[in-house]
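One structure below.
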Protein chains: 2
Amino acid sequence: MMAPARRPGRTEREDAMTKGVPSIRDVADAAGVSTATVSRALSNPGVVTETTRRAVFDAIEQTGYTVNVAARNLRRRETGGVVVLVPNLGNAFFSLILAGIAEVMAEADLNVLIADTAPGVNDERQILDYLGNHRADGLIVLDGMLSADLLLDRGDPRTRAPLVFACEWVEDLVRPAVTIDNVAAARLAVRHLVDLGHRDIGHLAGPPGNVLTATRRAGAEQCLAEAGLDLRDDWFIDGDFSLRSGAAAAERWMALRHRPTALFCASDQMACGFIAALHRAGYSVPRDVSVVGFDDIEFAAHFVPPLTTIHQPRVEIGRTAARMLLRRMEARRMERPDPETTSETLPVRLVVRDSTRRVSV
Amino acid sequence: MMAPARRPGRTEREDAMTKGVPSIRDVADAAGVSTATVSRALSNPGVVTETTRRAVFDAIEQTGYTVNVAARNLRRRETGGVVVLVPNLGNAFFSLILAGIAEVMAEADLNVLIADTAPGVNDERQILDYLGNHRADGLIVLDGMLSADLLLDRGDPRTRAPLVFACEWVEDLVRPAVTIDNVAAARLAVRHLVDLGHRDIGHLAGPPGNVLTATRRAGAEQCLAEAGLDLRDDWFIDGDFSLRSGAAAAERWMALRHRPTALFCASDQMACGFIAALHRAGYSVPRDVSVVGFDDIEFAAHFVPPLTTIHQPRVEIGRTAARMLLRRMEARRMERPDPETTSETLPVRLVVRDSTRRVSV
DNA sequence: TCTGATTCTGTAATCGTTTACAACAGGACT
DNA sequence: AGTCCTGTTGTAAACGATTACAGAATCAGA
């Protein structure tokens, strides 16, 4: 061992060091081994001798070598990254989910690419580009409004990057998802209002067509029906999860002749927007109307009044989705059948704060 | 032209099509040209004949070819992406800045990698890995708390990826930055309070050591001094930009024997946390104390009461930083000297809402 | 017809890894 | 001594694009 083995092209390693980034070749020369051995010492340390390994790591230290990911990815036929499709980066709800994903992916040494699917910021071409499996080894989709066609029509099924949904999902597409039980969660929220004696309960829903909108509304209606309560059409208001749409809903509420005494909102942002707009018009929550939110974003605990809401474990949703995707990617690498088409449902809980109160008789 | 020029390895193009992703080779075969021509048709359409170009694009359409970015990046010696270092993904303030960056970068066909520098999610090794110029062609840093050493000690200056700061910056490091004039902005806020007749004005600051904390505090102190007002030490409270630290500040305020009648907060989140905590204790804003925030996040307009604050053009900050980085990257590619070490300052404005009021005499 | 310029295209080297395969050394066993 | 492992290393061929260079084709002008 320790044969000099000079690189044919360059005569001096010093020379190699002065220009450009050091490559595996430079490390090999410095350690007196072949590039293959360096590669092995890095990716599979068990197979090289203790002494060799030490020599290689010393050489790496000395040269300041870092692996060229483009070359590695090319050779390994993978990209070393996953992309996350987010409906709207501007929505604070997603930040902690992304944090959870980023945390797990960083452990696995995978890049996380975040793409906003909001119209305008990425057009369909861009999204398709991400889906073509040159950009990513896997995909986490947080946007249930993407068309199933878009998600399906991409390359050969065998070469297609695995996909998992989180939070939202696309109905027509059978793919594993990490979600909460939205129906049960909505029932929890409405049940709370019923228990407080409310009989006139409205619902501020998400955007039409969204799965969360549908499931949460269904849960609310079920619970209402069980309590033998009316489902008044004019008490169901369409929103879009945003603060602004909550404010718009307040206008609707105020215009009502017969107003519900309680409102279940499909997102905290809408609940806050609703409360703030009401407040500006001189109404007060929970005095004039009780409000339940959904998500338990940070602001919920720090609103005026603090918001009663459904807590979603956002970081954990992100982590779980990431781990699930990792398993599917691993299976594909090993050419094993997909380990799971089964989804995972995370528990939610009702957090009672001050935006709801017993109905005054 | 139109010579068959079969690929030596495979005999039938059909064969190539059935397995794996189509490569530039498959396109070349389908179009009856060489791979070089396909590459040229793609990256420099001007130099190939109209007919050839059409043949190539037809073949691309037909084969469903998409360029393998790993191969391209390896050959071009670039990565096709930029990374953004965010202090805390969980903080909603950054979402719109990221959206602005993503928008501009998408136009330039560059990936945006987002890395959270919060302790725990990415350790120093990870961050260094991003900085080594194998992961990214450029860097946008939103975190002013990173040590200058960390940012400096990476590889050869000539091969180092260009960096621009946005919002925050590191004092010791001479790098272009996209910022607002924090001193002037703070003066604007305090001036507003002074104009309303307040003479007892406190400041809820950011985390110690942060540049924003320092500059905003300096602006506040300047304005106070000009108005001939006391700068009481116990009216300056340390925070960390979060809702929680705003709530903590409320405890401090309530414990004060002599309380300021107005508080200038270095972030909207702290302002909201402060107001909410006060409200829970039976105090009311602006009745008991006027509050000015900073940032104008979405919630500011939808809080109870709507928050008087300093508006930051967040999307525009992101866009500007992205464009600036693009220029520096371009210059480096062309081996031109860096076009700018000069920073850019974006305008802010005071948005008066309902959390401040004229002091009652 | 010949020369030279111009335009287009093909050949082949190259980017920096990984990994199948072969080679080799050393030890255990017959 | 010969055979067969086992463990470690080197050789060289990929991976899929880009691009310097050279060659072919076309045309103008003499």
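Labels used: A, B, ... for chains in the order of the structure tokens, numbers from 1 for residues in each chain, and numbers from 1 for ligands as shown.
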
Next item on the list: When you get a sec, could you note down which chain B residues fall within 8 Å of chain C, using only C-alpha atoms (C1' of nucleotides), as a list in words?
Entry: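 Only these qualify: Ser34, Ala36, Thr37, Val47, Val48, Thr49, Leu74, Arg75, Arg76 and Arg77 of chain B.
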
Sorted by chain and rising residue number, which residues of chain B lie within 9 Å of chain D, and what are their closest atom pairs and distances in Å to one decimal, counting only C-alpha atoms (C1' of nucleotides), as JSON lines?
```
{"residue": "B:Ser23", "atom": "CA", "partner": "D:DG16", "partner_atom": "C1'", "distance": 6.9}
{"residue": "B:Ile24", "atom": "CA", "partner": "D:DG16", "partner_atom": "C1'", "distance": 7.3}
{"residue": "B:Arg25", "atom": "CA", "partner": "D:DG16", "partner_atom": "C1'", "distance": 8.5}
{"residue": "B:Thr35", "atom": "CA", "partner": "D:DA17", "partner_atom": "C1'", "distance": 8.9}
{"residue": "B:Ala36", "atom": "CA", "partner": "D:DT18", "partner_atom": "C1'", "distance": 7.7}
{"residue": "B:Ser39", "atom": "CA", "partner": "D:DT18", "partner_atom": "C1'", "distance": 7.3}
{"residue": "B:Arg40", "atom": "CA", "partner": "D:DT18", "partner_atom": "C1'", "distance": 8.9}
{"residue": "B:Val67", "atom": "CA", "partner": "D:DA17", "partner_atom": "C1'", "distance": 8.0}
{"residue": "B:Asn68", "atom": "CA", "partner": "D:DG16", "partner_atom": "C1'", "distance": 6.7}
{"residue": "B:Val69", "atom": "CA", "partner": "D:DA17", "partner_atom": "C1'", "distance": 8.2}
{"residue": "B:Ala70", "atom": "CA", "partner": "D:DG16", "partner_atom": "C1'", "distance": 8.2}
{"residue": "B:Ala71", "atom": "CA", "partner": "D:DA17", "partner_atom": "C1'", "distance": 4.8}
{"residue": "B:Arg72", "atom": "CA", "partner": "D:DA17", "partner_atom": "C1'", "distance": 4.8}
{"residue": "B:Asn73", "atom": "CA", "partner": "D:DA17", "partner_atom": "C1'", "distance": 8.2}
{"residue": "B:Leu74", "atom": "CA", "partner": "D:DA17", "partner_atom": "C1'", "distance": 8.1}
{"residue": "B:Arg75", "atom": "CA", "partner": "D:DT18", "partner_atom": "C1'", "distance": 6.1}
{"residue": "B:Arg76", "atom": "CA", "partner": "D:DT18", "partner_atom": "C1'", "distance": 6.9}
```

Next item on the list: Determine which residues of chain B sit within 6 Å of chain A, taking into account only C-alpha atoms, and present them as a list of chain:residue names.
Entry: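 Within 6 Å of chain A on chain B, we get B:Asn68, B:Ala70, B:Ala71, B:Leu74, B:Leu89, B:Gly90, B:Ala92, B:Ser95, B:Leu96, B:Glu103, B:Leu113, B:Val121, B:His134, B:Gly273, B:Ala276, B:His302, B:Phe303, B:Val304.
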
Checklist line | Shell of 10 Å around Thr345 (chain A), only C-alpha atoms (C1' of nucleotides), local chain residues under 6 positions omitted, as number ranges by chain | finding: A: 167, 177-182, 317, 320

Next item on the list: Enter the distance from CA of His198 (chain A) to CA of Ala281 (chain A), in Å, rounded to one decimal.
Entry: 23.0 Å

Note to self: Which residues are close to Asp288 (chain B), i.e. within 12 Å by only C-alpha atoms (C1' of nucleotides), leaving aside same-chain residues fewer than 5 positions away? Reply as a list in words.
What the structure shows: Trp253, Met254, Arg259, Pro260, Thr261, Ala262, Leu263, Ile275, Leu278, His279, Ala281, Gly282, Tyr283, Ser355, Thr356, Arg357, Arg358, Val359 and Ser360 of chain B

Next item on the list: From a DSSP calculation on the backbone, collect every residue of region 46-181 of chain B in strand (DSSP E) and output the set as a ChimeraX atom specification.
Entry: /B:81-86,111-116,138-141,163-166,177-180

Margin query: I want to know what sits within 7 Å of Val170 (chain B), based on only C-alpha atoms (C1' of nucleotides), with residues of the same chain fewer than 3 positions away left out; could you give that as a ChimeraX atom specification?
Written below: /B:144-145,148,173

Those residues you just picked out, can you put them in a file as a PDB file, in the first residue's frame with all heavy atoms?
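part-v4.pdb, freshly written:
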```
ATOM      1  N   GLY B 144     -29.143  37.335  10.398  1.00  0.00           N
ATOM      2  CA  GLY B 144     -28.000  38.158  10.769  1.00  0.00           C
ATOM      3  C   GLY B 144     -27.244  37.631  11.965  1.00  0.00           C
ATOM      4  O   GLY B 144     -26.228  38.197  12.357  1.00  0.00           O
ATOM      5  N   MET B 145     -27.731  36.557  12.558  1.00  0.00           N
ATOM      6  CA  MET B 145     -27.084  36.026  13.751  1.00  0.00           C
ATOM      7  C   MET B 145     -26.004  35.000  13.424  1.00  0.00           C
ATOM      8  O   MET B 145     -25.311  34.532  14.324  1.00  0.00           O
ATOM      9  CB  MET B 145     -28.130  35.381  14.672  1.00  0.00           C
ATOM     10  CG  MET B 145     -29.269  36.303  15.030  1.00  0.00           C
ATOM     11  SD  MET B 145     -28.804  37.532  16.273  1.00  0.00           S
ATOM     12  CE  MET B 145     -29.398  36.692  17.752  1.00  0.00           C
ATOM     13  N   ALA B 148     -19.853  35.596  11.379  1.00  0.00           N
ATOM     14  CA  ALA B 148     -19.136  35.991  10.170  1.00  0.00           C
ATOM     15  C   ALA B 148     -18.125  34.915   9.796  1.00  0.00           C
ATOM     16  O   ALA B 148     -17.894  34.643   8.617  1.00  0.00           O
ATOM     17  CB  ALA B 148     -18.442  37.330  10.384  1.00  0.00           C
ATOM     18  N   LEU B 173     -19.343  41.679   7.893  1.00  0.00           N
ATOM     19  CA  LEU B 173     -19.191  41.139   6.561  1.00  0.00           C
ATOM     20  C   LEU B 173     -19.630  42.158   5.518  1.00  0.00           C
ATOM     21  O   LEU B 173     -20.767  42.610   5.521  1.00  0.00           O
ATOM     22  CB  LEU B 173     -20.055  39.876   6.439  1.00  0.00           C
ATOM     23  CG  LEU B 173     -19.392  38.683   5.782  1.00  0.00           C
ATOM     24  CD1 LEU B 173     -18.081  38.354   6.466  1.00  0.00           C
ATOM     25  CD2 LEU B 173     -20.326  37.505   5.833  1.00  0.00           C
TER      26      LEU B 173
END
```

Next item on the list: Quote the spacing between CA of Pro347 (chain B) and CA of Gln312 (chain B) in Å to one decimal place.
Entry: 7.7 Å

Next item on the list: Show which residues sit within 12 Å of Thr342 (chain B), as a list in words. Count only C-alpha atoms (C1' of nucleotides), and ignore same-chain residues fewer than 6 positions away.
Entry: Val164, Phe165, Val174, Arg175, Pro176, Ala177, Val178, Thr179, Met324 and Arg328 of chain B

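Between CA of Pro207 (chain A) and CA of Glu171 (chain A) the separation is 15.5 Å.
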